[in-house]
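Each remark here refers to the structure printed beneath this line.
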Amino acid sequence: MPLACTGINHRTASIALRERLALGPVAQRDVLQASRQIRGTPFGELAILSTCNRTEVYAAPAEASDALLEFLASMADVAPASLAPHTYHETGVAAVRRLCRVAAGLDSMVLGESEIQGQVAAAFRTALEAGTTGPVLTAAFRSAVQAGRRARSETGISHLPTSVSSEAIRLLRDVAGPLDRLSVLLVGTGKMGRLAGQALRRATARLTVVSRTAAHARELAQRCDAEALGWHELPQAIAHADAMICSTGAPHAVVSRDLVVSAIAAGGARRRVFVDIAVPRDVEPAVQELAGCELYDLDALQQRLAGNLEARRQEIPAVERIVEQEVERFDAWRRRQTVDPLLLEMRAQGEAIRQRELARALRRLGPAAAELATLLDDFSHSLVDKLLHQPTRRLRDAGDSDRARALQDVARDLFGLSAE
């Protein structure tokens, strides 16, 4: 097999080590281009897949695997011996399978994450721009991207959210109805608030952002096509909201029972759903005692997320089958690369013999040759095709690599073809 892989990920290395090996697209391209200048480089083809949770190097031919650890260590400026205990190595089918499993989200910290498929495709594009790709990496990455695409379209591995902010919005939709009919208030502009705001963008009838820092509220509101209000306008915002997602970094509750009571008096009785994803909590638990108010905190979300992950785990066997199908597709391509030259030689030999024997027969027929030439030509073509049909099919349909190689060796010996 012509492929090798060496890498580290969140299971084998600390975040500190992963940070040292993390490379953005520009840095990846620079490293790949520099690798082409190394005298005697063993890498005919080379690609780097680098994300927050992994850095993997894929190379062809497989004989380059011995040099991959040293190459990976040079990227982080660490000694190969100190990096070795944190790395894994795959060659052949196993290397292709790893790449396909990564693209399908099976090797991610968050099972089934959707971003990794695009990151795999981007890694190949970067290698392509650097001029370090070739037929092997092209076929391997094509199989991987296809595995990722099929996993997400044919299974539910990525359908249910596994992030708190995404699940908060899904919960709102489940308990409060279609978002495009709701007026949603976002309280807080930290990481969770930003993620929620981006996901809610254009999904609600009206989105309002409130933050202790007015500039942060205006910035997020501008990104999300929302209205920004000052912190002092929080009571007014609650009064007119159907649903609230609260995610401030305050050390104490910022939405008290009394505040909500005042908001209800000002905005009228209606159903109000509070989703509190802050730690410490932003909404006083007593709020849920008020008529028309429903409160969901982080514990409720975690229970839903656990169910989502379990549902995703149920999809693993289906995704694994897709991965194996794409690995088989790559393996079939690889076998064609080795067997097709042999088949061409067999066909060329058969055609040479056919032409020689046809010419001899036509000479012996003399004047009658003109009338029989077309018939004999068709007959000889058909005869050679039929004689080579079974050997061709057996060579192309050979299963594992060892059997395929053995059959090719036998065919070369039987047909008298050179090992070259």
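In the structure tokens, each chain is lettered A, B, ... as it comes, each chain's residues begin at 1, and ligands are numbered from 1 in order of appearance.
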Could you list, as a CSV table (one decimal) with C-alpha atoms, in the first residue's frame, every residue within 8 Å of stretch 301-309 of chain A, counting only C-alpha atoms and ignoring same-chain residues fewer than 5 positions away?
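Final output, saved to part-v5.csv:
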```csv
chain,number,residue,atom,x,y,z
A,111,LEU,CA,-18.7,12.6,18.1
A,160,LEU,CA,-28.6,16.4,17.1
A,161,PRO,CA,-26.6,19.2,18.7
A,162,THR,CA,-23.8,18.5,21.2
A,163,SER,CA,-22.9,22.0,22.1
A,164,VAL,CA,-24.7,23.9,24.9
A,167,GLU,CA,-29.0,22.7,22.4
A,168,ALA,CA,-30.3,25.8,24.1
A,296,TYR,CA,-34.3,25.6,32.1
```
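Non-sequential neighbours of A:Ile264 (distance at most 12 Å, separation of 5 or more positions within a chain, only C-alpha atoms) are Pro235, Gln236, Ala237, Ile238, Ala239, His240, Ala241, Asp242, Arg257, Asp258, Leu259, Ala269, Arg270, Arg271, Arg272, Val287, Leu290, Ala291, Gly292 and Cys293 of chain A.
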A:Ala84 environment, 10 Å, only C-alpha atoms, sequence neighbours closer than 3 positions dropped, as a VMD selection string: chain A and resid 6 to 8 69 to 70 72 to 73 79 to 81 87 to 89
Those residues you just picked out, can you put them in a file as a PDB file, in the first residue's frame with C-alpha atoms?
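Once written, part_5.pdb looks like this:
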```pdb
ATOM      1  CA  THR A   6       1.821   9.680  11.697  1.00  0.00           C
ATOM      2  CA  GLY A   7       0.060  11.999  14.127  1.00  0.00           C
ATOM      3  CA  ILE A   8      -1.102  13.042  17.565  1.00  0.00           C
ATOM      4  CA  LEU A  69       8.086  11.063  13.066  1.00  0.00           C
ATOM      5  CA  GLU A  70      11.183  13.162  12.462  1.00  0.00           C
ATOM      6  CA  LEU A  72       6.425  15.863  12.708  1.00  0.00           C
ATOM      7  CA  ALA A  73       8.938  16.574  15.476  1.00  0.00           C
ATOM      8  CA  ALA A  79      13.161  15.772  19.836  1.00  0.00           C
ATOM      9  CA  PRO A  80      11.630  12.800  18.000  1.00  0.00           C
ATOM     10  CA  ALA A  81      12.280  10.586  21.023  1.00  0.00           C
ATOM     11  CA  THR A  87       2.186   9.559  18.332  1.00  0.00           C
ATOM     12  CA  TYR A  88       0.400   6.847  16.371  1.00  0.00           C
ATOM     13  CA  HIS A  89       1.457   5.372  13.037  1.00  0.00           C
TER      14      HIS A  89
END
```
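Between A:Leu182 and the residues A:Leu388, A:Val273, A:Val255, A:Ile353, the shortest atom-to-atom distance, using only C-alpha atoms, involves A:Val273.
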Shell around A:Cys5 at 12 Å using only C-alpha atoms, local window under 3 positions removed, as a ChimeraX atom specification: /A:1-2,8,43,45-49,55-69,71-72,87-99,137,140
Spatial neighbours of A:Val31, max dist 12 Å, only C-alpha atoms, sep filter under 6 positions, as an mmCIF file with C-alpha atoms, in the first residue's frame:
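To be explicit, this is the file written out as out.cif:
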```cif
data_model
loop_
_atom_site.group_PDB
_atom_site.id
_atom_site.type_symbol
_atom_site.label_atom_id
_atom_site.label_comp_id
_atom_site.auth_asym_id
_atom_site.auth_seq_id
_atom_site.Cartn_x
_atom_site.Cartn_y
_atom_site.Cartn_z
ATOM 1 C CA LEU A 21 2.090 21.200 16.479
ATOM 2 C CA ALA A 22 -0.955 23.201 15.372
ATOM 3 C CA LEU A 23 -0.478 24.883 11.992
ATOM 4 C CA GLY A 24 -2.800 27.243 10.153
ATOM 5 C CA PRO A 25 -3.250 27.001 6.358
ATOM 6 C CA GLN A 37 13.570 21.481 -0.966
ATOM 7 C CA ILE A 38 14.997 18.803 1.318
ATOM 8 C CA LEU A 46 2.702 14.990 1.545
ATOM 9 C CA ALA A 47 -0.283 16.585 3.331
ATOM 10 C CA ILE A 48 -0.834 17.971 6.830
ATOM 11 C CA VAL A 57 0.849 13.970 8.415
ATOM 12 C CA PHE A 71 9.221 15.439 10.145
ATOM 13 C CA LEU A 72 6.425 15.863 12.708
ATOM 14 C CA SER A 74 10.653 19.228 13.358
ATOM 15 C CA MET A 75 7.334 21.057 13.033
ATOM 16 C CA ALA A 76 7.196 21.496 16.823
ATOM 17 C CA THR A 126 -3.470 23.439 0.964
ATOM 18 C CA ALA A 127 -1.268 20.513 -0.093
ATOM 19 C CA ALA A 130 1.893 23.672 -2.146
ATOM 20 C CA GLY A 131 2.430 21.199 -4.970
ATOM 21 C CA THR A 132 2.893 18.177 -2.691
#
```
Can you check which residues of stretch 11-160 of chain A DSSP gives as helix (DSSP H, G or I) on the backbone and send them as a PDB file with C-alpha atoms, in the first residue's frame?
```pdb
ATOM      1  CA  ILE A  15      -3.280  20.399  24.734  1.00  0.00           C
ATOM      2  CA  ALA A  16       0.113  22.038  25.295  1.00  0.00           C
ATOM      3  CA  LEU A  17       1.766  19.607  22.882  1.00  0.00           C
ATOM      4  CA  ARG A  18      -1.101  19.863  20.393  1.00  0.00           C
ATOM      5  CA  GLU A  19      -0.708  23.647  20.423  1.00  0.00           C
ATOM      6  CA  ARG A  20       2.976  23.330  19.504  1.00  0.00           C
ATOM      7  CA  LEU A  21       2.090  21.200  16.479  1.00  0.00           C
ATOM      8  CA  PRO A  25      -3.250  27.001   6.358  1.00  0.00           C
ATOM      9  CA  VAL A  26      -0.438  29.461   5.580  1.00  0.00           C
ATOM     10  CA  ALA A  27       2.014  27.732   7.913  1.00  0.00           C
ATOM     11  CA  GLN A  28       1.013  24.346   6.492  1.00  0.00           C
ATOM     12  CA  ARG A  29       1.705  25.515   2.973  1.00  0.00           C
ATOM     13  CA  ASP A  30       5.090  26.938   3.994  1.00  0.00           C
ATOM     14  CA  VAL A  31       6.115  23.704   5.719  1.00  0.00           C
ATOM     15  CA  LEU A  32       4.969  21.586   2.767  1.00  0.00           C
ATOM     16  CA  GLN A  33       6.793  23.752   0.250  1.00  0.00           C
ATOM     17  CA  ALA A  34       9.932  23.650   2.383  1.00  0.00           C
ATOM     18  CA  SER A  35       9.749  19.843   2.448  1.00  0.00           C
ATOM     19  CA  ALA A  62       4.529   4.074   2.410  1.00  0.00           C
ATOM     20  CA  GLU A  63       8.313   3.725   2.723  1.00  0.00           C
ATOM     21  CA  ALA A  64       8.294   7.353   3.884  1.00  0.00           C
ATOM     22  CA  SER A  65       6.683   6.294   7.178  1.00  0.00           C
ATOM     23  CA  ASP A  66      10.050   6.007   8.928  1.00  0.00           C
ATOM     24  CA  ALA A  67      10.742   9.690   8.239  1.00  0.00           C
ATOM     25  CA  LEU A  68       7.328  10.971   9.329  1.00  0.00           C
ATOM     26  CA  LEU A  69       8.086  11.063  13.066  1.00  0.00           C
ATOM     27  CA  GLU A  70      11.183  13.162  12.462  1.00  0.00           C
ATOM     28  CA  PHE A  71       9.221  15.439  10.145  1.00  0.00           C
ATOM     29  CA  LEU A  72       6.425  15.863  12.708  1.00  0.00           C
ATOM     30  CA  ALA A  73       8.938  16.574  15.476  1.00  0.00           C
ATOM     31  CA  SER A  74      10.653  19.228  13.358  1.00  0.00           C
ATOM     32  CA  MET A  75       7.334  21.057  13.033  1.00  0.00           C
ATOM     33  CA  ALA A  76       7.196  21.496  16.823  1.00  0.00           C
ATOM     34  CA  PRO A  80      11.630  12.800  18.000  1.00  0.00           C
ATOM     35  CA  ALA A  81      12.280  10.586  21.023  1.00  0.00           C
ATOM     36  CA  SER A  82      10.190  12.843  23.291  1.00  0.00           C
ATOM     37  CA  LEU A  83       7.365  13.066  20.728  1.00  0.00           C
ATOM     38  CA  ALA A  84       7.280   9.348  19.906  1.00  0.00           C
ATOM     39  CA  PRO A  85       5.276   8.188  22.988  1.00  0.00           C
ATOM     40  CA  HIS A  86       2.437  10.544  22.002  1.00  0.00           C
ATOM     41  CA  VAL A  93      -5.405   0.443   4.390  1.00  0.00           C
ATOM     42  CA  ALA A  94      -5.219   1.459   8.070  1.00  0.00           C
ATOM     43  CA  ALA A  95      -3.955   4.941   7.111  1.00  0.00           C
ATOM     44  CA  VAL A  96      -6.809   5.410   4.642  1.00  0.00           C
ATOM     45  CA  ARG A  97      -9.295   4.132   7.225  1.00  0.00           C
ATOM     46  CA  ARG A  98      -7.995   6.622   9.799  1.00  0.00           C
ATOM     47  CA  LEU A  99      -8.440   9.526   7.394  1.00  0.00           C
ATOM     48  CA  CYS A 100     -11.965   8.390   6.490  1.00  0.00           C
ATOM     49  CA  ARG A 101     -12.927   7.968  10.175  1.00  0.00           C
ATOM     50  CA  VAL A 102     -11.584  11.441  10.946  1.00  0.00           C
ATOM     51  CA  ALA A 103     -13.596  13.011   8.111  1.00  0.00           C
ATOM     52  CA  GLU A 115     -16.550  21.000  10.960  1.00  0.00           C
ATOM     53  CA  ILE A 116     -13.947  18.264  10.481  1.00  0.00           C
ATOM     54  CA  GLN A 117     -15.154  17.290   7.016  1.00  0.00           C
ATOM     55  CA  GLY A 118     -14.384  20.798   5.743  1.00  0.00           C
ATOM     56  CA  GLN A 119     -11.039  20.779   7.555  1.00  0.00           C
ATOM     57  CA  VAL A 120     -10.030  17.558   5.795  1.00  0.00           C
ATOM     58  CA  ALA A 121     -10.969  19.043   2.422  1.00  0.00           C
ATOM     59  CA  ALA A 122      -9.068  22.248   3.272  1.00  0.00           C
ATOM     60  CA  ALA A 123      -5.945  20.243   4.214  1.00  0.00           C
ATOM     61  CA  PHE A 124      -5.936  18.638   0.784  1.00  0.00           C
ATOM     62  CA  ARG A 125      -6.437  22.000  -0.947  1.00  0.00           C
ATOM     63  CA  THR A 126      -3.470  23.439   0.964  1.00  0.00           C
ATOM     64  CA  ALA A 127      -1.268  20.513  -0.093  1.00  0.00           C
ATOM     65  CA  LEU A 128      -2.493  20.957  -3.644  1.00  0.00           C
ATOM     66  CA  GLU A 129      -1.507  24.631  -3.565  1.00  0.00           C
ATOM     67  CA  ALA A 130       1.893  23.672  -2.146  1.00  0.00           C
ATOM     68  CA  PRO A 135      -2.502  10.402  -7.294  1.00  0.00           C
ATOM     69  CA  VAL A 136      -2.326   8.572  -3.948  1.00  0.00           C
ATOM     70  CA  LEU A 137      -3.287  11.502  -1.726  1.00  0.00           C
ATOM     71  CA  THR A 138      -5.877  12.619  -4.244  1.00  0.00           C
ATOM     72  CA  ALA A 139      -7.573   9.212  -4.102  1.00  0.00           C
ATOM     73  CA  ALA A 140      -7.250   8.929  -0.299  1.00  0.00           C
ATOM     74  CA  PHE A 141      -8.645  12.394   0.456  1.00  0.00           C
ATOM     75  CA  ARG A 142     -11.402  11.930  -2.108  1.00  0.00           C
ATOM     76  CA  SER A 143     -12.487   8.772  -0.272  1.00  0.00           C
ATOM     77  CA  ALA A 144     -12.283  10.573   3.085  1.00  0.00           C
ATOM     78  CA  VAL A 145     -14.344  13.592   2.023  1.00  0.00           C
ATOM     79  CA  GLN A 146     -16.901  11.254   0.468  1.00  0.00           C
ATOM     80  CA  ALA A 147     -17.050   9.251   3.720  1.00  0.00           C
ATOM     81  CA  GLY A 148     -17.688  12.459   5.669  1.00  0.00           C
ATOM     82  CA  ARG A 149     -20.330  13.665   3.248  1.00  0.00           C
ATOM     83  CA  ARG A 150     -22.149  10.323   3.245  1.00  0.00           C
ATOM     84  CA  ALA A 151     -21.970   9.982   7.039  1.00  0.00           C
ATOM     85  CA  ARG A 152     -23.810  13.264   7.442  1.00  0.00           C
ATOM     86  CA  SER A 153     -26.349  12.740   4.680  1.00  0.00           C
ATOM     87  CA  GLU A 154     -27.099   9.022   5.173  1.00  0.00           C
TER      88      GLU A 154
END
```
Computed interatomic separation between atom CA of A:Ala104 and atom CA of A:Ser158 (Å): 9.4 Å
Members of stretch 67-141 of chain A assigned strand (DSSP E) by DSSP, as a PyMOL selection string: chain A and resi 88-91
What would the file look like if the residues just selected were written as a PDB file, in the first residue's frame with N, CA, C and O atoms?
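As written to disk, part30.pdb reads:
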```pdb
ATOM      1  N   TYR A  88       0.890   8.115  16.923  1.00  0.00           N
ATOM      2  CA  TYR A  88       0.400   6.847  16.371  1.00  0.00           C
ATOM      3  C   TYR A  88       0.824   6.793  14.910  1.00  0.00           C
ATOM      4  O   TYR A  88       1.037   7.827  14.265  1.00  0.00           O
ATOM      5  N   HIS A  89       0.978   5.579  14.409  1.00  0.00           N
ATOM      6  CA  HIS A  89       1.457   5.372  13.037  1.00  0.00           C
ATOM      7  C   HIS A  89       0.549   4.368  12.345  1.00  0.00           C
ATOM      8  O   HIS A  89       0.180   3.352  12.931  1.00  0.00           O
ATOM      9  N   GLU A  90       0.190   4.666  11.121  1.00  0.00           N
ATOM     10  CA  GLU A  90      -0.623   3.751  10.314  1.00  0.00           C
ATOM     11  C   GLU A  90      -0.037   3.709   8.899  1.00  0.00           C
ATOM     12  O   GLU A  90       0.480   4.704   8.400  1.00  0.00           O
ATOM     13  N   THR A  91      -0.132   2.547   8.285  1.00  0.00           N
ATOM     14  CA  THR A  91       0.266   2.424   6.889  1.00  0.00           C
ATOM     15  C   THR A  91      -0.809   1.641   6.136  1.00  0.00           C
ATOM     16  O   THR A  91      -1.592   0.909   6.735  1.00  0.00           O
TER      17      THR A  91
END
```
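One distance worth recording is that between atom CA of A:Glu351 and atom CA of A:Gln408, which is 19.7 Å.
Straight-line separation from atom CA of A:Val209 to atom CA of A:Leu229: 6.2 Å.
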Selected residue, from A:Arg206, A:His159, A:Lys191, A:Arg170, that lies nearest to A:Leu220 when counting only C-alpha atoms: A:Lys191
